[in-house]
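Undergrad: To start, I am sharing the structure in question, which I have written as structure tokens.
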Amino acid sequence: MVGSVSSLDHVRGLIAGILPGPLPELNADTPLETVPGWDSIVMVRLVILLEEQLGQQLDDAKLEQIEKVGDIEKLVSGS
């Protein structure tokens, strides 16, 4: 992570880049299915973006674990 940007702020930035419309208030416990504008297309965009950033393809087990904003944060931070 660059400078003082937290991994949650980084995830918010990723979501803002793929989500249609304004970015709602998000925290680690926010279920993705409750985010306004979230649908299967946005999820596919997220997966592509994560795979590009991580430099690896995400397996089905990891993809099935992405349910909340915090799950994305864990992937990005390597936790």
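Each chain in the structure tokens gets a letter, A, B, ..., in the order shown, and its residues are numbered from 1; ligands are numbered from 1 in order too.
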Just want the 12 Å neighbourhood of Val44 in chain A, counted on only C-alpha atoms, with same-chain residues fewer than 5 positions away dropped. Output as a PyMOL selection string.

TA: chain A and resi 15+18-19+38-39+49-51+58+63+66

Undergrad: Taking the DSSP assignment computed from this structure's backbone, write out as a ChimeraX atom specification all residues of range 2-63 of chain A that belong to helix (DSSP H, G or I).

TA: /A:7-18,32-34,40-54,60-63

Undergrad: List as a compact mmCIF listing (two decimals) with N, CA and C atoms, in the first residue's frame the protein and nucleic acid residues near Lys62 in chain A, meaning an atom at most 12 Å away when only C-alpha atoms are counted, but skip any in the same chain fewer than 3 places from it.

TA:
```txt
# COMPACT_ATOMS: atom_id res chain seq x y z
N VAL A 47 -13.63 -8.90 -9.83
CA VAL A 47 -12.75 -10.06 -9.92
C VAL A 47 -11.62 -9.81 -10.91
N LEU A 50 -9.19 -7.35 -9.29
CA LEU A 50 -8.40 -8.00 -8.24
C LEU A 50 -7.34 -8.93 -8.82
N GLU A 51 -7.71 -9.70 -9.83
CA GLU A 51 -6.75 -10.60 -10.45
C GLU A 51 -5.60 -9.84 -11.09
N GLN A 56 -2.57 -12.81 -10.13
CA GLN A 56 -2.92 -14.23 -10.14
C GLN A 56 -4.42 -14.40 -10.31
N GLN A 57 -4.78 -15.56 -10.82
CA GLN A 57 -6.20 -15.87 -10.97
C GLN A 57 -6.75 -16.34 -9.63
N LEU A 58 -7.92 -15.86 -9.27
CA LEU A 58 -8.55 -16.26 -8.02
C LEU A 58 -9.31 -17.57 -8.24
N ASP A 59 -9.07 -18.53 -7.38
CA ASP A 59 -9.77 -19.80 -7.53
C ASP A 59 -11.20 -19.68 -6.99
N GLN A 65 -15.81 -16.77 -1.13
CA GLN A 65 -15.65 -16.12 0.17
C GLN A 65 -15.87 -14.62 0.12
N ILE A 66 -16.02 -14.05 -1.07
CA ILE A 66 -16.20 -12.60 -1.20
C ILE A 66 -17.67 -12.27 -1.04
N GLU A 67 -18.04 -11.90 0.17
CA GLU A 67 -19.42 -11.54 0.47
C GLU A 67 -19.56 -10.13 1.04
N ASP A 71 -14.06 -8.80 3.08
CA ASP A 71 -13.49 -9.96 2.37
C ASP A 71 -12.57 -9.52 1.25
N ILE A 72 -12.95 -8.44 0.58
CA ILE A 72 -12.09 -7.88 -0.48
C ILE A 72 -10.83 -7.32 0.16
N LYS A 74 -9.32 -8.30 2.84
CA LYS A 74 -8.44 -9.41 3.21
C LYS A 74 -7.65 -9.91 2.00
N LEU A 75 -8.32 -10.01 0.85
CA LEU A 75 -7.62 -10.45 -0.36
C LEU A 75 -6.53 -9.47 -0.76
N VAL A 76 -6.88 -8.18 -0.74
CA VAL A 76 -5.94 -7.14 -1.17
C VAL A 76 -4.74 -7.05 -0.22
N GLY A 78 -3.63 -9.43 1.66
CA GLY A 78 -2.94 -10.71 1.79
C GLY A 78 -3.20 -11.43 3.10
```

Undergrad: Taking only C-alpha atoms into account, name the residue in A:Val11, A:Ala61, A:Ile41, A:Ile48 that is nearest to Leu26 in chain A.

TA: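 Going through A:Val11, A:Ala61, A:Ile41, A:Ile48 one by one, the smallest distance to Leu26 in chain A is for A:Val11.
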
Undergrad: Compare A:Leu14, A:Asp29, A:Leu8, A:Ser40 by their minimum atom-to-atom distance to Gln53 in chain A, counting only C-alpha atoms, and give me the closest one.

TA: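 Nearest to Gln53 in chain A: A:Leu14.
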